[in-house]
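Trainee: As input, take data-v9.txt (compact mmCIF, C-alpha atoms):
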```
# COMPACT_ATOMS: atom_id res chain seq x y z
CA LEU A 1 -1.21 42.90 -109.94
CA THR A 2 -1.62 45.54 -107.25
CA ALA A 3 -0.45 43.01 -104.64
CA VAL A 4 2.57 42.03 -106.76
CA ALA A 5 3.51 45.68 -107.32
CA HIS A 6 3.16 46.37 -103.58
CA ALA A 7 5.29 43.31 -102.76
CA LEU A 8 8.00 44.39 -105.21
CA ALA A 9 8.06 47.88 -103.71
CA ASN A 10 8.15 46.66 -100.08
CA ILE A 11 9.95 43.33 -100.08
CA GLU A 12 13.21 44.90 -98.88
CA ASN A 13 11.40 46.18 -95.77
CA VAL A 14 10.05 42.78 -94.69
CA LYS A 15 11.90 41.45 -91.66
CA LEU A 16 10.61 38.20 -90.19
CA ASP A 17 11.37 37.15 -86.61
CA ARG A 18 11.96 33.65 -87.92
CA HIS A 19 12.12 32.15 -91.37
CA PRO A 20 9.50 29.44 -91.81
CA ARG A 21 9.74 26.71 -94.40
CA MET A 22 9.34 28.21 -97.86
CA ALA A 23 10.81 31.45 -96.55
CA ASP A 24 10.69 33.16 -99.96
CA PHE A 25 6.94 32.57 -100.16
CA ALA A 26 6.45 33.88 -96.62
CA ILE A 27 8.44 37.04 -97.38
CA TRP A 28 6.50 37.65 -100.61
CA GLY A 29 3.19 37.06 -98.84
CA ALA A 30 4.12 39.39 -95.99
CA ALA A 31 5.19 42.07 -98.48
CA ALA A 32 1.96 41.76 -100.50
CA ALA A 33 -0.45 41.49 -97.53
CA PRO A 34 -0.97 45.26 -96.96
CA ALA A 35 -2.15 45.69 -100.57
CA LEU A 36 -4.80 43.04 -99.86
CA GLY A 37 -6.00 44.74 -96.68
CA PHE A 38 -4.06 42.62 -94.18
CA GLN A 39 -1.10 43.23 -91.92
CA SER A 40 2.07 41.27 -92.67
CA GLU A 41 1.83 39.57 -89.25
CA THR A 42 -1.70 38.38 -90.06
CA PHE A 43 -0.41 36.67 -93.20
CA ILE A 44 2.51 35.02 -91.36
CA ASN A 45 0.25 33.80 -88.53
CA ALA A 46 -2.24 32.34 -91.02
CA TYR A 47 0.56 30.70 -92.99
CA MET A 48 2.10 29.12 -89.88
CA GLY A 49 -1.34 27.96 -88.72
CA ASN A 50 -1.98 26.33 -92.09
CA ARG A 51 1.41 24.59 -91.95
CA GLU A 52 0.64 23.20 -88.49
CA SER A 53 -2.76 22.04 -89.69
CA ALA A 54 -1.23 20.34 -92.74
CA ASN A 55 1.32 18.56 -90.53
CA GLY A 56 -1.45 17.38 -88.23
CA LEU A 57 -3.58 16.11 -91.12
CA ALA A 58 -0.68 14.19 -92.65
CA LEU A 59 0.05 12.53 -89.32
CA GLU A 60 -3.61 11.76 -88.60
CA ALA A 61 -4.02 10.12 -92.02
CA SER A 62 -1.29 7.57 -91.34
CA PRO A 63 -2.10 4.45 -89.33
CA VAL A 64 1.65 4.05 -88.63
CA VAL A 65 2.06 7.28 -86.65
CA PRO A 66 0.12 6.40 -83.46
CA VAL A 67 1.82 3.00 -83.30
CA LEU A 68 5.22 4.65 -83.86
CA TYR A 69 4.56 7.06 -80.97
CA LYS A 70 3.44 4.14 -78.80
CA PHE A 71 6.64 2.29 -79.76
CA MET A 72 8.81 5.31 -78.89
CA ASN A 73 7.03 5.88 -75.55
CA GLY A 74 9.78 5.81 -72.91
CA LYS A 75 12.56 5.61 -75.51
CA GLU A 76 14.87 8.46 -76.46
CA LYS A 77 16.39 6.67 -79.45
CA TRP A 78 15.97 3.54 -81.56
CA GLN A 79 18.08 2.31 -84.45
CA GLY A 80 17.62 -0.64 -86.77
CA SER A 81 16.47 -1.73 -90.20
CA ALA A 82 13.05 -1.10 -91.67
CA GLY A 83 12.36 -4.82 -91.36
CA GLU A 84 13.24 -4.78 -87.66
CA LEU A 85 11.08 -1.71 -87.11
CA LEU A 86 8.13 -3.26 -88.94
CA LYS A 87 8.38 -6.37 -86.73
CA GLU A 88 8.47 -4.17 -83.62
CA LEU A 89 5.49 -2.11 -84.76
CA ASN A 90 3.52 -5.23 -85.70
CA THR A 91 4.00 -6.66 -82.20
CA ILE A 92 2.50 -3.62 -80.47
CA ALA A 93 -0.08 -2.64 -83.09
CA GLU A 94 -3.72 -3.49 -82.56
CA GLU A 95 -5.30 -5.81 -85.11
CA ALA A 96 -7.47 -2.90 -86.26
CA ASP A 97 -4.27 -0.96 -87.11
CA THR A 98 -2.71 -3.73 -89.17
CA LYS A 99 -5.96 -4.40 -91.05
CA GLN A 100 -6.14 -0.82 -92.37
CA SER A 101 -5.32 -0.44 -96.04
CA GLY A 102 -2.57 2.06 -95.20
CA TRP A 103 -0.68 -0.30 -92.89
CA PRO A 104 2.66 -1.32 -94.47
CA LYS A 105 2.99 -5.04 -95.16
CA ALA A 106 6.63 -4.84 -96.28
CA SER A 107 9.70 -3.09 -94.90
CA ASN A 108 10.33 -1.06 -98.08
CA VAL A 109 6.76 0.31 -97.89
CA LEU A 110 7.35 1.31 -94.24
CA SER A 111 10.63 2.98 -95.18
CA ASN A 112 8.95 4.95 -98.00
CA ARG A 113 6.13 6.09 -95.71
CA LEU A 114 8.59 7.19 -93.03
CA HIS A 115 10.59 9.14 -95.63
CA ARG A 116 7.42 11.05 -96.60
CA LEU A 117 6.29 11.57 -92.98
CA ALA A 118 9.71 12.56 -91.57
CA PRO A 119 9.27 16.36 -92.06
CA ASN A 120 5.78 16.23 -90.50
CA LEU A 121 7.02 14.16 -87.56
CA ARG A 122 9.88 16.64 -86.96
CA ALA A 123 7.57 19.65 -87.05
CA PHE A 124 4.93 18.19 -84.74
CA LYS A 125 5.26 19.30 -81.10
CA GLY A 126 6.74 16.44 -79.09
CA GLY A 127 7.88 15.02 -82.39
CA VAL A 128 10.49 12.57 -83.46
CA ASP A 129 13.37 12.85 -85.89
CA ILE A 130 13.78 10.03 -88.37
CA ALA A 131 17.11 9.73 -90.14
CA PHE A 132 18.15 7.23 -92.79
CA SER A 133 21.72 6.00 -93.23
CA ARG A 134 23.83 3.06 -94.33
CA GLU A 135 26.17 1.00 -92.21
CA GLY A 136 29.40 1.02 -94.19
CA LYS A 137 29.61 1.68 -97.92
CA ALA A 138 27.33 -1.11 -99.10
CA GLY A 139 26.01 -2.07 -95.72
CA LYS A 140 22.63 -2.41 -94.13
CA LYS A 141 20.19 0.50 -94.43
CA LEU A 142 19.47 1.92 -90.98
CA ILE A 143 16.64 4.00 -89.59
CA THR A 144 17.36 6.10 -86.51
CA ILE A 145 14.42 7.49 -84.57
CA LYS A 146 15.04 10.08 -81.83
CA ARG A 147 12.69 12.08 -79.67
CA ILE A 148 13.01 15.83 -80.19
CA PRO A 149 12.77 18.05 -77.11
CA GLN A 150 10.15 20.75 -77.78
CA GLN A 151 12.68 23.58 -77.58
CA GLU A 152 14.62 21.94 -80.46
CA GLN A 153 11.70 21.37 -82.86
CA VAL A 154 12.92 20.93 -86.40
CA GLY A 155 10.92 21.76 -89.49
CA GLU A 156 9.17 24.85 -88.15
CA THR A 157 11.83 27.17 -89.45
CA SER A 158 14.29 27.15 -92.29
CA SER A 159 17.65 28.67 -92.89
CA GLU A 160 18.12 32.06 -94.50
CA PRO A 161 17.18 32.13 -98.21
CA SER A 162 19.96 30.88 -100.49
CA ALA A 163 21.98 33.35 -102.49
CA SER A 164 20.02 32.54 -105.64
CA SER A 165 16.70 33.02 -103.79
CA ALA A 166 17.88 36.24 -102.22
CA SER A 167 18.98 37.61 -105.61
CA ALA A 168 15.65 36.56 -107.16
CA LEU A 169 13.87 38.61 -104.51
CA SER A 170 15.70 41.75 -105.54
CA VAL A 171 14.81 41.41 -109.24
```
Step by step, read the file and then write its structure as structure tokens.

Mentor:
Amino acid sequence: LTAVAHALANIENVKLDRHPRMADFAIWGAAAAPALGFQSETFINAYMGNRESANGLALEASPVVPVLYKFMNGKEKWQGSAGELLKELNTIAEEADTKQSGWPKASNVLSNRLHRLAPNLRAFKGGVDIAFSREGKAGKKLITIKRIPQQEQVGETSSEPSASSASALSV
């Protein structure tokens, strides 16, 4: 409760250089850190390090990710259906990759995995952006994969807190 009381008393004074994902949590943690014997910067650095580690673990756990990076090697952009992408990945994947239990056997499974991995892939240095769209109103579902230059990494930061979040912080 001491940490919560300290955070409530000091939350207005917390100014972050950048707003990471879950900005409200980061602000609360930075405001409470001094009551727990830490500097606010120590909390933010630990939080960002944990986020990077979580991104890395999610990517390492997927057998699709290394093959996807191999596929995108030398390409800036690719667009097509999940079925087309699965065929492409299957042609360059090693047999050991496709035999793993986590390797997608169907295009909808690949699409679902890419949806879940998209934030991790955006946040990873040298990452890729995966976007999902439809061609026309009832048209073909498309996946667009683009390389992200390191200076434009997405997912490391978020926008300012929403009005409802900002008002909740001042309660």

Trainee: Would you kindly return, as a PDB file with C-alpha atoms, in the coordinates of the input, each protein, DNA or RNA residue with an atom no farther than 7 Å from any atom of Ser40 of chain A, considering only C-alpha atoms and excluding same-chain residues fewer than 3 positions away?

Mentor:
```
ATOM      1  CA  ALA A  30       4.120  39.390 -95.990  1.00  0.00           C
ATOM      2  CA  ALA A  31       5.190  42.070 -98.480  1.00  0.00           C
ATOM      3  CA  ALA A  33      -0.450  41.490 -97.530  1.00  0.00           C
ATOM      4  CA  PRO A  34      -0.970  45.260 -96.960  1.00  0.00           C
ATOM      5  CA  PHE A  43      -0.410  36.670 -93.200  1.00  0.00           C
ATOM      6  CA  ILE A  44       2.510  35.020 -91.360  1.00  0.00           C
TER       7      ILE A  44
END
```

Trainee: Between atom CA of His19 of chain A and atom CA of Tyr47 of chain A, what is the distance, to one decimal in Å?

Mentor: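 Spanning atom CA of His19 of chain A to atom CA of Tyr47 of chain A is a straight-line distance of 11.8 Å.
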
Trainee: Mind listing whatever residues come within 6 Å of the point (11.5, 15.2, -81.0)? Use all atoms listed in the file, file coordinates, and give them as a PyMOL selection string.

Mentor: chain A and resi 126-129+147-149

Trainee: Restricted to C-alpha atoms, what would the selected residues look like written as a PDB file, keeping the file's coordinate frame?

Mentor:
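Output (again_34.pdb):
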```pdb
ATOM      1  CA  GLY A 126       6.740  16.440 -79.090  1.00  0.00           C
ATOM      2  CA  GLY A 127       7.880  15.020 -82.390  1.00  0.00           C
ATOM      3  CA  VAL A 128      10.490  12.570 -83.460  1.00  0.00           C
ATOM      4  CA  ASP A 129      13.370  12.850 -85.890  1.00  0.00           C
ATOM      5  CA  ARG A 147      12.690  12.080 -79.670  1.00  0.00           C
ATOM      6  CA  ILE A 148      13.010  15.830 -80.190  1.00  0.00           C
ATOM      7  CA  PRO A 149      12.770  18.050 -77.110  1.00  0.00           C
TER       8      PRO A 149
END
```

Trainee: Which residue is closest to Leu117 of chain A? Choose from A:Val65, A:Lys77, A:Arg134, A:Leu16 and count all atoms listed in the file.

Mentor: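 Ranking A:Val65, A:Lys77, A:Arg134, A:Leu16 by distance to Leu117 of chain A, first place goes to A:Val65.
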
Trainee: With all atoms listed in the file as the basis for distance, which of A:Thr2, A:Asn13, A:Asn55, A:Gln39 is at the shortest distance from Leu121 of chain A?

Mentor: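 Of A:Thr2, A:Asn13, A:Asn55, A:Gln39, the one nearest Leu121 of chain A is A:Asn55, counting all atoms listed in the file.
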
Trainee: Check the smallest atom-to-atom distance from each of A:Lys70, A:Lys99, A:Lys75, A:Arg21 to Arg51 of chain A using all atoms listed in the file, then report the winner.

Mentor: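 Looking only at the distances to Arg51 of chain A, the closest residue turns out to be A:Arg21.
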
Trainee: Please determine, counting all atoms listed in the file, which residue among A:Val4, A:Leu36, A:Leu89, A:Ile11 has the shortest atom-to-atom distance to Ala106 of chain A.

Mentor: A:Leu89

Trainee: One number please: atom CA of Gly83 of chain A to atom CA of Ser107 of chain A, in Å, one decimal.

Mentor: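 Spanning atom CA of Gly83 of chain A to atom CA of Ser107 of chain A is a straight-line distance of 4.8 Å.
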